[in-house]
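Notes follow once the structure below has been shown.
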Amino acid sequence: MNAYLDMELLRFTTAGSVDDGKSTLIGRLLFDTKSIFEDQLDQVKRSSNRQGLAQADLSLLTDGLKAEREQGITIDVAYRYFATPKRKFIIADTPGHIQYTRNMITGASTANCALVLIDARHGVAEQTCRHAIIASLLQIPHLIVCINKMDLIDYQEPVFQKIKKDFESFSSKLDITDIRFIPISALNGDNVVNRSEKMSWYEGSTLLYTLENLHIGSDYNHIDCRFPVQTVIRPKMAPYHDFRGYAGRIAGGVFKPGDEITVLPSGFTSTIKSIETFNGPLSEAFAPMSVVIQLTDDVDVSRGDMLVRSNNQPDLNQDIEIMMCWLDTKAPHPKSKYIIKHTTSEAKAIIKNIRYELDVNTLHRNVENLNIGMNDVARVQLRTTKPLLTDAYRKNRTTGSIILIDESTHETVAAGMII
Amino acid sequence: MSNYNLTHLDELESESIFILREVFAQFENPCILFSGGKDSIVVTHLTKKAFYPAKIPFPLVHIDTGHNFPETMIFRDQIVADLDVRLIVGLVQDSIHSGRSTEERGKNASRNVLQTNTLLDTIDLHQFDACVGGARRDEEKARAKERFFSHRDEFGQWDPKNQRPELWNMFNGKHDHGEHFRVFPLSNWTEMDVWQYILAENIQIPSLYFAHQREVIRRNDTWLPVSEHIHLNETETPIHKKIRFRTLGDITITGGDESDADTLEKIVDEVAAARQTERGNRADDKRSETSMEDRKKQGYF
Ligand SMILES: Nc1nc2c(ncn2[C@@H]2O[C@H](COP(=O)(O)OP(=O)(O)OP(=O)(O)O)[C@@H](O)[C@H]2O)c(=O)[nH]1
Ligand SMILES: [Mg+2]
């Protein structure tokens with residue numbers, strides 16, 4: 001069979017300020033790669049006509065909610081899927097409006113490439129910077145800066161160069177290695193799928209070509225073995241009366257039957273007896289596979305515990321340093337206890353220390369008059385009610401990330417990347 | 001060192017299994033919403049894999065409009081017997097009898113919208129706190145906005161303008177008593193992924209998905225099956241056509257496509273060449289531009 005199964009997958013997100021053309025670009029990309037079904041296009045045309053537009057408004061392909069269509073803005077992430085003969089893509093089209101930054105973070109958290117849009121007339125805006133910082137905190141390895149609406153500035157190269165320079169002087173302070181710049185018109189399709197005839201001065205690739213040819217390294221750590229236990233599987237029926245397996249998704253490394261492992265936090269050691277799946281036992285399993293592990297010994301293991309290799313263990317820590325994005329309208333309270341979720345384990349935490357707040361325009365670290373609110377980024381120290389088994393986020397996205405939940409509203413109020 | 005890479009189908013499967021296990025671990029009383037369509041069949045198959053060698057730990061819930069394809073019902077009962085799971089049926093007819101719901105009238109009347117009341121009452125009766133569904137983001141523009149763990153308030157309502165952030169693979173299922181979650185393990189799957197997976201795993205599906213001869217009429221640009229639940233007007237004459245269904249809903253609203261695809265391989269080829277979305281033949285989505293969003297806000301699947 002089957003070329004389809006061999007295709008690589010790239011997940012990318014849009015970013016940038018409100019109205020810079022993110023949704024239009026995604027619509028254009030889908031349209032020009034012929035990824036839109038006829039009935040979807042008919043619907044978009046009808047909807048555009050009703051709004052008095054002559055052309056189909058391609059942003060309506062992702063702006064699917066009634067409120068979004070009424071206001072002409074994106075409110076929440078839309079996920080779209082398309083494939084070319086080279087790759088399969090998962091797109092998260094996110095909102096630019098500052099009020100919905102938390103939805104942008106939702107879409108960006110699983111991406112390995114971000115398209116940052118900038119309106120050529122307005123240049124780098126505060127939201128451009130905020131989103132670029134978020135992309136860098138989330139360790140998104142590739143940034144493609146699309147300088148959009150070139151049609152409105154006569155496709156002039158100096159405007160493009162000026163914005164490129166401005167962005168570079170900002171981004172040099174960020175932790176992103178691969179940044180590219182493409183001048184486009186999302187509305188007319190210049191340099192999106194097809195090369196622009198109006199910008200012969202631009203010698204780089206089109207956006208689609210770039211997306212198809214970015215190097216995708218593995219998103220997963222295959223060195224440090226981490227298996228957070230989700231649940232215990234005990235069938236309690238013939239012929240599996242004695243079966244006791246630990247179900248989970250491997251968060252890092254490669255596990256094999258016969259491996260010596262340590263159960264954390266208890267510290268018991270044992271050996272992997274078998275790695276089970278519905279399709280049969282495996283001779284090895286690696287991140288991000290979902291499996292069931294059986295041990296040779298009857299040790300106490302439950303949800304929230306982690307199986308690791310005995311000679312390579314995560315930090316066991318009750319004081320946790322994170323970069324935090326605050327996501328709730330209610331500001332954090334120094335005395336409040338929050339529920340902290342980390343892999344499959346859960347505890348309570350307080351925000352013990354605010355080290356600094358990041359100014360999203362200048363990247364300056366404010367240490368005075370700290371006043372953290374919605375959409376702010378800060379470095380903080382958490383104190384948890386029990387030790388967590390952590391790695392640095394840059395080493396492992398799964399064991400290096402946490403969320404905070406408000407005990408009374410149950411809202412997810414913060415996202416944290418462990419330092 | 002070997003190259004540790006999963007195919008994207010393996011990666012999707014692993015993600016879905018992780019989510020199903022989170023449902024088991026985070027909720028007290030979850031269920032699977034089982035329609036007998038391919039997506040809920042795939043969800044059920046994934047659940048079987050997630051808890052193997054134990055049995056599926058959730059009951060299947062079928063919201064039964066009474067307007068079913070007979071083939072779907074036979075298939076449902078077979079799967080329940082094979083898996084040895086509990087089946088809970090919520091009857092739309094009961095909601096009509098009790099006065100809770102009122103039957104629609106007119107030529108295009110259906111019981112699609114009425115399912116919502118029966119679904120919410122069934123959730124309430126059995127105190128389900130998580131309902132696993134087979135909806136995919138690529139199906140429809142409102143569904144493209146769903147989280148994996150999607151919160152429903154005490155009235156069963158969805159608030160698309162105020163969804164919880166959902167980062168990485170970290171799922172927050174916390175809720176008050178009386179609220180519940182809809183959980184969508186197939187969020188990131190496309191129609192093509194589902195068919196490729198059915199083919200790869202050799203999953204049994206109702207015969208309706210394969211091309212077959214059927215008595216149909218032409219209505220609203222599609223081939224609608226003739227059944228006791230449909231009212232023909234004078235201009236409509238039933239004819240025989242070789243068709244297949246791309247999605248399955250009620251027999252009153254599910255249109256078929258002319259097709260010769262009688263094997264999974266041929267269906268995959270057909271899906272690859274399709275120029276219409278799979279829900280393009282579903283009268284329930286055509287009622288208005290926002291009919292899916294409107295129904296979902298009320299508590300629909
Ligand atoms: N002239 C011109 N207009 C554009 C271009 N791209 C987008 N627009 C227009 O800019 C406006 C905003 O576009 P959207 O795609 O909705 O912007 P967005 O970035 O998705 O906005 P949010 O999601 O709300 O942050 C619309 O009126 C578009 O038609 C372009 O390349 N040229
Ligand atoms: Mg938008």
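The way I read the labels, and the way they are meant: chains A, B, ... in the order of the structure tokens, residue 1 as the first residue of every chain, and ligand 1 as the first ligand shown, with later ones counted on from there.
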
Next item on the list: Please identify which residues in range 77-161 of chain B DSSP calls strand (DSSP E) from the backbone, and express them as a list of chain:residue names.
Entry: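 Written out, the strand (DSSP E) residues of range 77-161 of chain B are B:Leu87, B:Ile88, B:Val89, B:Gly90, B:Leu91, B:Ala130, B:Cys131, B:Val132, B:Phe149, B:Ser150, B:His151, B:Arg152.
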
Next item on the list: Select residues of chain B: the criterion is any atom within 6 Å of an atom of chain A, counting only C-alpha atoms; output as JSON, numbers by chain.
Entry: {"B": [14, 49, 52, 54, 141, 142, 144, 145, 165, 166, 167, 168, 174, 275, 276, 277]}

Notebook entry, point to check: So which residues of range 4-194 of chain B fall under helix (DSSP H, G or I) by DSSP, listed as a PyMOL selection string?
Noted result: chain B and resi 8-26+38-51+70-83+92-97+115-126+137-139+143-145+160-162+191-194

Note to self: At a cut-off of 7 Å and counting only C-alpha atoms and all ligand atoms, what residues surround ligand 2? Please answer as a count of residues only.
What the structure shows: 12

Item checked: Residue nearest Asp121 in chain B among B:Asn108, B:Tyr300, B:Ile19, B:Leu60 (counting only C-alpha atoms) ->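 Ranked by minimum distance to Asp121 in chain B, first place goes to B:Tyr300.
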
Margin query: I'd like the neighbourhood of Leu208 in chain A as a ChimeraX atom specification, where a residue qualifies if any of its atoms comes within 10 Å (using only C-alpha atoms), though same-chain residues fewer than 4 positions away should be ignored.
Written below: /A:29,32-33,84,191-194,212-213

Checklist line | Residues near Phe184 in chain B, cut-off 7 Å, only C-alpha atoms, skip fewer than 5 positions along chain, as an NGL selection string | finding: :B and (132-135 or 148-149)

So that I have them on file, write out the residues from the current selection with C-alpha atoms, as a JSON list (two decimals), in the first residue's frame.
[["chain", "number", "residue", "atom", "x", "y", "z"],
["B", 132, "VAL", "CA", -17.16, 10.39, 24.44],
["B", 133, "GLY", "CA", -18.16, 11.20, 20.88],
["B", 134, "GLY", "CA", -16.77, 10.58, 17.42],
["B", 135, "ALA", "CA", -16.98, 14.14, 16.07],
["B", 148, "PHE", "CA", -10.71, 17.61, 23.00],
["B", 149, "PHE", "CA", -12.30, 18.06, 26.43]]

Margin query: Considering only C-alpha atoms and all ligand atoms, can you say which of A:Gln127, A:Thr177, A:Ser185, A:Gln99 comes closest to ligand 1?
Written below: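 Among the listed residues, the smallest separation from ligand 1 belongs to A:Ser185.
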